[in-house]
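Listing of target.txt, compact mmCIF, C-alpha atoms
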# COMPACT_ATOMS: atom_id res chain seq x y z
CA MET A 1 43.93 -4.71 14.01
CA ILE A 2 40.41 -3.38 13.51
CA SER A 3 39.44 -0.79 16.15
CA HIS A 4 36.35 -1.10 18.33
CA THR A 5 34.89 2.15 16.96
CA LYS A 6 35.31 0.90 13.41
CA VAL A 7 33.47 -2.32 14.23
CA ARG A 8 30.62 -0.33 15.80
CA ILE A 9 30.38 1.97 12.77
CA GLU A 10 30.35 -1.03 10.44
CA LEU A 11 27.55 -2.54 12.50
CA VAL A 12 25.46 0.64 12.27
CA ALA A 13 26.11 0.63 8.52
CA LEU A 14 25.03 -3.00 8.26
CA PHE A 15 21.81 -2.36 10.17
CA SER A 16 21.07 0.72 8.05
CA ALA A 17 21.74 -1.27 4.88
CA CYS A 18 19.23 -3.86 6.13
CA ALA A 19 16.72 -1.04 6.63
CA LEU A 20 17.43 0.11 3.07
CA PHE A 21 17.02 -3.43 1.79
CA LEU A 22 13.71 -3.86 3.63
CA SER A 23 12.54 -0.48 2.30
CA THR A 24 13.22 -1.87 -1.17
CA ILE A 25 11.09 -4.94 -0.45
CA GLU A 26 8.34 -2.77 1.02
CA TYR A 27 8.45 -0.53 -2.01
CA MET A 28 7.63 -3.53 -4.21
CA ILE A 29 4.48 -4.33 -2.22
CA PRO A 30 1.53 -2.32 -3.47
CA LYS A 31 -0.60 -0.40 -1.02
CA PRO A 32 -4.38 -0.20 -1.41
CA VAL A 33 -4.21 3.28 0.14
CA PRO A 34 -1.12 5.48 -0.51
CA PHE A 35 -0.35 6.34 3.12
CA MET A 36 -0.54 2.75 4.36
CA ARG A 37 2.80 1.26 5.32
CA LEU A 38 4.01 -2.09 6.53
CA GLY A 39 6.98 -0.55 8.27
CA LEU A 40 9.36 -3.39 7.37
CA ALA A 41 12.30 -0.99 7.58
CA ASN A 42 11.56 -0.59 11.29
CA LEU A 43 12.74 -4.11 11.94
CA PRO A 44 16.44 -3.16 12.23
CA ILE A 45 15.41 -0.30 14.55
CA ILE A 46 13.56 -2.74 16.82
CA LEU A 47 16.44 -5.20 16.74
CA ALA A 48 18.98 -2.45 17.43
CA LEU A 49 17.49 -1.84 20.88
CA GLY A 50 19.90 -3.03 23.51
CA ILE A 51 22.74 -3.34 21.03
CA PHE A 52 23.50 0.24 20.09
CA THR A 53 24.28 3.31 22.17
CA TYR A 54 21.81 6.23 21.93
CA ARG A 55 24.07 8.02 19.46
CA GLU A 56 24.40 4.98 17.22
CA TYR A 57 20.68 4.30 17.47
CA PHE A 58 19.75 7.77 16.22
CA LEU A 59 22.42 7.64 13.56
CA LEU A 60 20.81 4.43 12.32
CA LEU A 61 17.46 6.17 12.34
CA LEU A 62 18.76 9.07 10.26
CA LEU A 63 20.25 6.69 7.70
CA LYS A 64 17.00 4.72 7.58
CA VAL A 65 14.93 7.84 6.85
CA LEU A 66 17.33 9.05 4.16
CA GLY A 67 17.52 5.59 2.60
CA GLN A 68 13.75 5.25 2.56
CA GLY A 69 13.44 8.65 0.93
CA LEU A 70 15.97 7.68 -1.69
CA ILE A 71 14.33 4.33 -2.48
CA SER A 72 10.83 5.75 -2.76
CA GLY A 73 11.98 8.88 -4.55
CA THR A 74 10.45 11.14 -1.91
CA ILE A 75 13.70 12.51 -0.53
CA PHE A 76 13.12 15.94 -2.07
CA SER A 77 9.42 16.16 -1.27
CA TYR A 78 7.39 17.08 1.80
CA ILE A 79 6.67 13.35 2.32
CA ILE A 80 10.11 13.04 3.90
CA LEU A 81 8.70 15.17 6.73
CA PHE A 82 6.09 12.50 7.45
CA SER A 83 8.73 9.81 7.34
CA LEU A 84 11.04 11.78 9.63
CA ALA A 85 8.32 12.63 12.14
CA GLY A 86 6.98 9.08 12.18
CA SER A 87 10.38 7.42 12.46
CA LEU A 88 11.72 9.82 15.07
CA SER A 89 8.70 9.66 17.37
CA SER A 90 8.44 5.90 17.03
CA ALA A 91 12.16 5.42 17.71
CA ILE A 92 12.07 7.67 20.79
CA PHE A 93 8.99 5.91 22.15
CA MET A 94 10.41 2.43 21.51
CA LEU A 95 13.68 3.41 23.16
CA LEU A 96 11.77 4.77 26.13
CA ILE A 97 9.75 1.58 26.55
CA PHE A 98 12.88 -0.54 26.22
CA THR A 99 14.89 1.56 28.68
CA LEU A 100 12.10 1.61 31.27
CA PHE A 101 10.89 -1.97 31.06
CA LYS A 102 13.82 -3.88 29.49
CA ASP A 103 12.73 -7.49 28.88
CA LYS A 104 9.37 -7.12 30.66
CA VAL A 105 7.88 -5.90 27.39
CA SER A 106 8.23 -8.11 24.32
CA ARG A 107 9.18 -6.74 20.92
CA VAL A 108 5.50 -6.96 19.99
CA GLY A 109 4.70 -4.42 22.71
CA ILE A 110 7.63 -2.24 21.72
CA SER A 111 6.67 -2.37 18.04
CA LEU A 112 3.05 -1.58 18.89
CA GLY A 113 4.10 1.42 20.97
CA GLY A 114 6.36 2.64 18.19
CA ALA A 115 3.62 2.29 15.58
CA LEU A 116 1.19 4.22 17.74
CA ALA A 117 3.68 7.05 18.29
CA SER A 118 4.50 7.11 14.59
CA ALA A 119 0.84 7.17 13.54
CA ILE A 120 -0.08 9.95 15.97
CA SER A 121 2.82 12.16 14.90
CA GLN A 122 2.08 11.61 11.19
CA LEU A 123 -1.59 12.37 11.71
CA PHE A 124 -0.60 15.52 13.54
CA ILE A 125 1.59 16.67 10.63
CA SER A 126 -1.13 15.66 8.19
CA ARG A 127 -3.67 17.76 10.13
CA LEU A 128 -1.24 20.65 10.13
CA ILE A 129 -0.12 20.80 6.52
CA LEU A 130 -1.89 18.38 4.21
CA PHE A 131 -5.35 16.99 4.84
CA LYS A 132 -6.58 19.47 7.47
CA GLU A 133 -10.01 18.30 8.77
CA ALA A 134 -10.04 15.29 6.43
CA THR A 135 -7.32 13.78 8.63
CA TYR A 136 -10.07 12.51 10.95
CA VAL A 137 -11.52 10.51 8.08
CA ILE A 138 -8.30 8.64 7.34
CA ALA A 139 -7.23 8.34 10.98
CA PRO A 140 -9.09 5.09 11.91
CA LEU A 141 -7.83 3.20 8.87
CA PHE A 142 -4.34 4.59 9.34
CA LEU A 143 -4.20 3.60 13.01
CA PHE A 144 -5.74 0.19 12.37
CA SER A 145 -3.31 -0.70 9.56
CA GLY A 146 -0.39 0.46 11.72
CA LEU A 147 -1.64 -1.67 14.57
CA ILE A 148 -1.84 -4.84 12.48
CA SER A 149 1.50 -4.38 10.72
CA SER A 150 3.31 -3.52 13.97
CA ILE A 151 1.99 -6.68 15.65
CA ILE A 152 3.21 -8.80 12.73
CA LEU A 153 6.57 -7.01 12.77
CA GLY A 154 6.89 -7.46 16.54
CA ILE A 155 6.14 -11.20 16.29
CA PHE A 156 8.74 -11.50 13.56
CA ALA A 157 11.31 -9.57 15.64
CA ASN A 158 10.67 -11.88 18.62
CA GLU A 159 11.11 -14.95 16.44
CA PHE A 160 14.25 -13.53 14.88
CA ILE A 161 15.82 -12.80 18.26
CA VAL A 162 15.15 -16.36 19.41
CA LYS A 163 16.15 -18.18 16.23
CA SER A 164 18.88 -16.10 14.60
CA LYS A 165 22.44 -17.30 15.13
CA TRP A 166 23.79 -14.03 13.77
CA TYR A 167 21.82 -11.95 16.25
CA SER A 168 22.65 -14.16 19.24
CA THR A 169 26.37 -13.98 18.37
CA LEU A 170 26.03 -10.23 18.19
CA LYS A 171 24.36 -10.01 21.60
CA GLU A 172 26.76 -12.43 23.26
CA SER A 173 29.87 -10.73 21.95
CA LYS A 174 28.40 -7.29 22.80
CA VAL A 175 30.72 -6.15 20.02
CA MET B 1 41.25 11.81 -6.22
CA LYS B 2 40.47 8.11 -6.21
CA TYR B 3 38.72 6.49 -9.16
CA SER B 4 36.09 4.97 -6.86
CA SER B 5 35.11 8.47 -5.63
CA LEU B 6 34.60 9.58 -9.21
CA ARG B 7 32.13 6.73 -9.78
CA LEU B 8 30.39 7.63 -6.56
CA ILE B 9 29.95 11.25 -7.66
CA SER B 10 28.70 10.42 -11.16
CA GLY B 11 26.40 7.73 -9.71
CA ALA B 12 24.96 10.24 -7.24
CA PHE B 13 24.17 12.66 -10.09
CA ILE B 14 22.51 9.91 -12.09
CA ILE B 15 20.43 8.83 -9.05
CA LEU B 16 19.34 12.44 -8.67
CA ALA B 17 18.31 12.55 -12.32
CA ILE B 18 16.42 9.26 -11.93
CA ILE B 19 14.53 10.53 -8.88
CA LEU B 20 13.62 13.77 -10.64
CA SER B 21 12.45 12.02 -13.83
CA GLU B 22 8.67 11.82 -14.05
CA SER B 23 8.18 10.36 -17.51
CA LEU B 24 8.08 6.58 -17.87
CA VAL B 25 10.13 6.71 -21.07
CA LEU B 26 12.77 8.86 -19.42
CA ARG B 27 12.95 6.56 -16.43
CA PHE B 28 13.32 3.59 -18.79
CA LEU B 29 16.19 5.33 -20.60
CA MET B 30 17.87 6.22 -17.32
CA THR B 31 17.51 2.64 -16.07
CA PHE B 32 18.98 1.30 -19.28
CA TYR B 33 21.87 3.74 -19.00
CA ILE B 34 22.70 2.87 -15.40
CA ILE B 35 22.54 -0.86 -16.21
CA VAL B 36 25.04 -0.31 -19.03
CA LEU B 37 27.32 1.58 -16.61
CA ALA B 38 27.02 -1.19 -14.01
CA LEU B 39 27.84 -3.81 -16.65
CA ASN B 40 30.80 -1.75 -17.77
CA SER B 41 32.08 -1.62 -14.20
CA GLY B 42 32.17 -5.42 -14.12
CA ARG B 43 28.80 -6.20 -12.52
CA LYS B 44 26.55 -8.97 -13.78
CA PHE B 45 23.11 -8.42 -15.23
CA ARG B 46 20.47 -11.10 -15.56
CA LEU B 47 17.54 -10.15 -17.75
CA LEU B 48 14.90 -12.63 -16.58
CA PRO B 49 14.83 -11.75 -12.83
CA ASN B 50 14.56 -8.07 -13.75
CA ILE B 51 11.73 -8.71 -16.21
CA ILE B 52 9.91 -10.76 -13.54
CA LEU B 53 10.46 -7.95 -11.03
CA PHE B 54 9.20 -5.37 -13.51
CA ILE B 55 6.08 -7.34 -14.47
CA SER B 56 5.21 -8.36 -10.91
CA ILE B 57 5.50 -4.82 -9.51
CA SER B 58 3.53 -3.39 -12.43
CA LEU B 59 0.76 -5.97 -12.09
CA ALA B 60 0.68 -5.79 -8.31
CA ASN B 61 0.02 -2.06 -8.61
CA THR B 62 -3.25 -2.68 -10.42
CA ILE B 63 -4.68 -3.31 -6.94
CA THR B 64 -5.16 0.48 -6.78
CA PRO B 65 -7.22 1.30 -9.92
CA TYR B 66 -6.37 4.65 -11.47
CA GLY B 67 -7.06 6.19 -14.88
CA LEU B 68 -8.35 4.58 -18.05
CA VAL B 69 -9.78 1.05 -17.70
CA LEU B 70 -7.99 -1.10 -20.27
CA PHE B 71 -9.92 -4.31 -19.60
CA SER B 72 -11.44 -6.21 -16.71
CA ILE B 73 -10.82 -9.67 -15.34
CA GLY B 74 -14.20 -10.48 -13.85
CA SER B 75 -14.92 -7.40 -11.77
CA TYR B 76 -11.22 -6.56 -11.36
CA PRO B 77 -10.32 -3.55 -13.55
CA ILE B 78 -6.86 -3.25 -15.10
CA THR B 79 -6.17 0.47 -15.42
CA LEU B 80 -3.57 2.28 -17.48
CA GLY B 81 -2.68 4.74 -14.72
CA ALA B 82 -2.01 1.95 -12.23
CA LEU B 83 0.12 0.05 -14.75
CA ILE B 84 2.19 3.16 -15.57
CA ASN B 85 2.55 3.90 -11.88
CA GLY B 86 3.70 0.34 -11.22
CA ALA B 87 6.13 0.39 -14.15
CA ASN B 88 7.55 3.69 -12.87
CA LYS B 89 8.05 2.17 -9.43
CA ALA B 90 9.67 -0.96 -10.84
CA LEU B 91 12.08 1.08 -12.97
CA LEU B 92 13.01 3.31 -10.04
CA LEU B 93 13.78 0.24 -7.98
CA ILE B 94 15.80 -1.55 -10.67
CA SER B 95 17.74 1.60 -11.53
CA PHE B 96 18.49 2.26 -7.87
CA ILE B 97 19.84 -1.26 -7.37
CA TYR B 98 22.11 -1.00 -10.41
CA ALA B 99 23.14 2.54 -9.49
CA SER B 100 24.32 1.25 -6.14
CA HIS B 101 26.12 -1.66 -7.87
CA TYR B 102 27.86 0.85 -10.11
CA MET B 103 28.73 3.26 -7.32
CA MET B 104 30.02 0.57 -5.00
CA SER B 105 31.91 -1.49 -7.57
CA SER B 106 35.28 -0.27 -6.29
CA ARG B 107 34.32 0.35 -2.64
CA PRO B 108 34.55 4.14 -2.46
CA GLN B 109 35.06 6.18 0.70
CA ILE B 110 33.17 9.44 1.22
CA PRO B 111 35.28 11.76 3.39
CA GLY B 112 34.31 12.37 7.03
CA LYS B 113 32.72 10.11 9.64
CA LEU B 114 29.19 10.38 8.24
CA GLY B 115 30.58 9.94 4.75
CA HIS B 116 32.32 6.76 5.81
CA LEU B 117 29.08 5.51 7.33
CA ILE B 118 27.08 6.24 4.17
CA SER B 119 29.74 4.54 2.02
CA MET B 120 29.52 1.49 4.25
CA GLN B 121 25.71 1.53 4.16
CA PHE B 122 25.70 1.43 0.37
CA TYR B 123 28.44 -1.16 0.31
CA TYR B 124 26.42 -3.47 2.56
CA PHE B 125 23.25 -2.74 0.59
CA ASP B 126 25.08 -3.75 -2.56
CA ARG B 127 26.20 -7.01 -0.93
CA LEU B 128 22.69 -7.70 0.42
CA THR B 129 21.00 -7.26 -2.96
CA THR B 130 23.63 -9.40 -4.68
CA LYS B 131 23.68 -12.18 -2.09
CA TRP B 132 19.91 -12.32 -1.61
CA ARG B 133 19.44 -13.73 -5.11
CA GLN B 134 21.88 -16.55 -4.40
CA ILE B 135 19.93 -17.91 -1.43
CA GLU B 136 17.98 -21.13 -1.90
CA LYS B 137 14.33 -20.14 -2.41
CA LYS B 138 12.99 -22.87 -0.08
CA THR B 139 15.02 -21.69 2.95
CA PRO B 140 12.72 -20.44 5.77
CA ILE B 141 12.79 -16.64 6.00
CA ILE B 142 14.70 -16.32 9.30
CA GLY B 143 17.20 -18.97 8.18
CA ALA B 144 17.63 -17.14 4.88
CA ILE B 145 18.26 -13.78 6.57
CA ASP B 146 20.72 -15.44 8.94
CA GLN B 147 22.54 -17.09 6.08
CA LEU B 148 22.70 -13.75 4.30
CA LEU B 149 24.05 -11.78 7.26
CA LEU B 150 26.56 -14.42 8.33
CA GLY B 151 27.74 -14.70 4.72
CA ILE B 152 28.21 -10.95 4.44
CA GLU B 153 30.19 -10.75 7.69
CA THR B 154 32.60 -13.45 6.51
CA GLU B 155 32.96 -11.69 3.17
CA ILE B 156 33.70 -8.36 4.85
CA ASP B 157 36.35 -9.94 7.07
CA GLU B 158 38.04 -11.41 4.00
CA ASP B 159 37.70 -8.07 2.24
CA SER B 160 39.38 -6.12 5.03
CA ILE B 161 42.32 -8.54 4.97
CA LYS B 162 42.63 -8.25 1.19
CA GLN B 163 44.12 -4.82 0.53
CA THR B 164 42.75 -3.68 -2.80
CA GLU B 165 44.91 -1.63 -5.09
CA ILE B 166 43.89 2.03 -5.13
CA LYS B 167 43.38 3.45 -8.60
CA TYR B 168 43.80 7.19 -9.00
CA VAL B 169 41.97 9.39 -11.47
CA LYS B 170 43.36 10.41 -14.85
CA THR B 171 42.05 13.31 -16.95
CA LYS B 172 40.45 10.82 -19.34
CA ASP B 173 38.44 9.27 -16.46
CA VAL B 174 37.17 12.68 -15.36
CA LEU B 175 36.05 13.47 -18.91
CA ILE B 176 34.25 10.13 -19.24
CA HIS B 177 32.38 10.67 -15.98
CA ILE B 178 31.48 14.24 -16.92
CA LEU B 179 30.04 12.75 -20.11
CA HIS B 180 27.94 10.27 -18.09
CA ILE B 181 26.57 13.05 -15.89
CA SER B 182 25.93 15.26 -18.92
CA ILE B 183 23.98 12.51 -20.71
CA ALA B 184 21.78 12.00 -17.62
CA LEU B 185 21.18 15.72 -17.21
CA LEU B 186 20.58 16.21 -20.93
CA LEU B 187 17.92 13.49 -20.89
CA LEU B 188 16.35 15.17 -17.88
CA PHE B 189 16.33 18.49 -19.73
CA ILE B 190 14.85 16.99 -22.92
CA PHE B 191 11.96 15.55 -20.91
CA SER B 192 11.41 18.74 -18.91
CA ASP B 193 8.75 21.33 -19.83
CA MET B 194 11.38 23.43 -21.59
CA GLY B 195 12.64 20.44 -23.55
CA LYS B 196 9.09 19.52 -24.54
CA ASN B 197 8.67 22.99 -26.08
CA ILE B 198 11.76 22.45 -28.21
CA LEU B 199 10.93 18.84 -29.13
CA PRO B 200 7.09 18.65 -29.15
CA PHE B 201 6.94 14.86 -29.79
CA ILE B 202 8.41 14.28 -26.29
CA ALA B 203 5.17 15.66 -24.80
CA GLN B 204 3.22 12.80 -26.41
CA LEU B 205 5.22 10.12 -24.52
CA PRO B 206 3.93 8.63 -21.24
Starting from the file, lay out its structure as structure tokens.
Amino acid sequence: MISHTKVRIELVALFSACALFLSTIEYMIPKPVPFMRLGLANLPIILALGIFTYREYFLLLLLKVLGQGLISGTIFSYIILFSLAGSLSSAIFMLLIFTLFKDKVSRVGISLGGALASAISQLFISRLILFKEATYVIAPLFLFSGLISSIILGIFANEFIVKSKWYSTLKESKV
Amino acid sequence: MKYSSLRLISGAFIILAIILSESLVLRFLMTFYIIVLALNSGRKFRLLPNIILFISISLANTITPYGLVLFSIGSYPITLGALINGANKALLLISFIYASHYMMSSRPQIPGKLGHLISMQFYYFDRLTTKWRQIEKKTPIIGAIDQLLLGIETEIDEDSIKQTEIKYVKTKDVLIHILHISIALLLLFIFSDMGKNILPFIAQLP
């Protein structure tokens, strides 16, 4: 018989593999500006809310960051710092919104909040170590692109939650 | 030591070499090498989808012009730097997919809880990339993802019932895998600054 813990671990692994897979797809899409990101790999993080425990959620986050670094080849560069800061702040903020408001806030709101937290933390790191004063020049474009992509991602997450048989089975069974 | 762990270790070294390679030619060689290893481990390789992937990523990257302008389509410049950048990205992606196919071909287990989790992550990634290509192209996106995830779950259940035979390592296997790692590292060395001093023609390659 398969133990409960093993099933949970396999589920975290499946979600993290989805994040890795989405990172791969995102990697194929060219960006007009290098720092612009669609944040497709955040989709499993948004969907994991309410399914995973805090520990599992942050484990998923760690695997997502490492996977993204591996796919984009930035795992051994300072860019991983940006990824880590952005992902961590966004995950904490999304978890906070979800814990406080539960279903009163849609995934669009959660995704938007996460994107904002991620953008602010990355701009902060950028100001600190990379672009210095020039950060203020890229900030509007950076925030705007994050805003648009997070809304699209949130709409998709909402649709997925409503339409996906796999996800509804997962929620109903509560693993 | 299990044979699957040996593949995992050599695959990890090759991935490291691929990530560290900066030259396009070197990345091409590494990609070719990892595809051969994946084929040897029983995985399938289809040329056309990979060529389409390579061309589409390379062309899509011309959206960010960089370097020498090769020609223009109307007012849209096609630049050499952007094409090389795109080709580099495409090769990294293809090599990574085949590296994970190679590493996961006998479902290895990294020791420890985190190790187990990482092994599972790569195993699922391998299944996702393989199964994704089999999905009908006209299926709506959410339906396609659903089909993919439900399919993988069924497959995993069947897999856990089927107890696969564990193959243990022989000295010959260790030597072969050391050879694979050495080839990857040797290529990396040849294309490094030190290697370029020894073989000056390497410095002329993109």
*asked:* Restricting the calculation to all atoms listed in the file: of B:Ile51, B:Ile35, B:Met120, B:Leu91, which residue gets closest to chain A?
replied: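 Of B:Ile51, B:Ile35, B:Met120, B:Leu91, the one nearest chain A, counting all atoms listed in the file, is B:Met120.
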*Just the residues within 12 Å of region 138-154 of chain B, please, counting all atoms listed in the file, with nothing from its chain fewer than 2 positions along; format it as an NGL selection string.*
(:A and (7 or 10-11 or 14-15 or 17-18 or 21-22 or 156-170)) or (:B and (123-136 or 156-161))
*Mind giving me the straight-line distance from CA of Arg37 (chain A) to CA of Gln122 (chain A) in Å, one decimal?*
11.9 Å
*When you draw a straight line from CA of Leu29 (chain B) to CA of Ser10 (chain B), how long is it in Å?*
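Going from CA of Leu29 (chain B) over to CA of Ser10 (chain B), I get 16.5 Å.
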Find the spatial neighbours of Arg27 (chain B), counting only C-alpha atoms, within a cut-off of 7 Å - ignore same-chain residues fewer than 4 positions away - and output them as a PDB file with C-alpha atoms, in the frame of the given file.
ATOM      1  CA  ILE B  18      16.420   9.260 -11.930  1.00  0.00           C
ATOM      2  CA  SER B  21      12.450  12.020 -13.830  1.00  0.00           C
ATOM      3  CA  SER B  23       8.180  10.360 -17.510  1.00  0.00           C
ATOM      4  CA  THR B  31      17.510   2.640 -16.070  1.00  0.00           C
ATOM      5  CA  LEU B  91      12.080   1.080 -12.970  1.00  0.00           C
TER       6      LEU B  91
END
*Pick from A:Leu47, A:Leu40, A:Leu66, A:Leu100: nearest to chain B, with only C-alpha atoms counted?*
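Ranking A:Leu47, A:Leu40, A:Leu66, A:Leu100 by distance to chain B, first place goes to A:Leu66.
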*Between CA of Phe32 (chain B) and CA of Tyr102 (chain B), what is the distance, to one decimal in Å?*
12.8 Å
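When all atoms listed in the file are used to measure the gap to Ser95 (chain B), the shortest distance among A:Ala48, A:Ala117, A:Ile71, A:Leu20 belongs to A:Ile71.
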_For Gly86 (chain A), find every residue with an atom within 7 Å (counting all atoms listed in the file), except residues of its own chain fewer than 2 positions away, and show them as a list in words._
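In the requested form, the answer reads Phe82, Ser83, Leu84, Leu88, Ser89, Ser90, Ser118, Ala119, Ser121 and Gln122 of chain A.
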Residues of the last selection are to be written out with C-alpha atoms, as a tab-separated table (two decimals), in the coordinates of the input.
chain	number	residue	atom	x	y	z
A	82	PHE	CA	6.09	12.50	7.45
A	83	SER	CA	8.73	9.81	7.34
A	84	LEU	CA	11.04	11.78	9.63
A	88	LEU	CA	11.72	9.82	15.07
A	89	SER	CA	8.70	9.66	17.37
A	90	SER	CA	8.44	5.90	17.03
A	118	SER	CA	4.50	7.11	14.59
A	119	ALA	CA	0.84	7.17	13.54
A	121	SER	CA	2.82	12.16	14.90
A	122	GLN	CA	2.08	11.61	11.19
*Neighbours of Leu80 (chain B) within 8 Å (all atoms listed in the file; same-chain residues fewer than 4 positions away dropped), as an NGL selection string?*
:B and (66-70 or 84)
*asked:* Show me, as a PyMOL selection string, the residues that have an atom within 12 Å of Ser149 (chain A) when counting only C-alpha atoms, minus same-chain residues fewer than 6 positions from it.
replied: chain A and resi 26+36-43+108+111-112+114-116+119+142-143+155-156
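Using only C-alpha atoms, the shortest contact distance between Thr79 (chain B) and any of B:Met104, B:Ile110, B:Leu117, B:Ala60 is found at B:Ala60.
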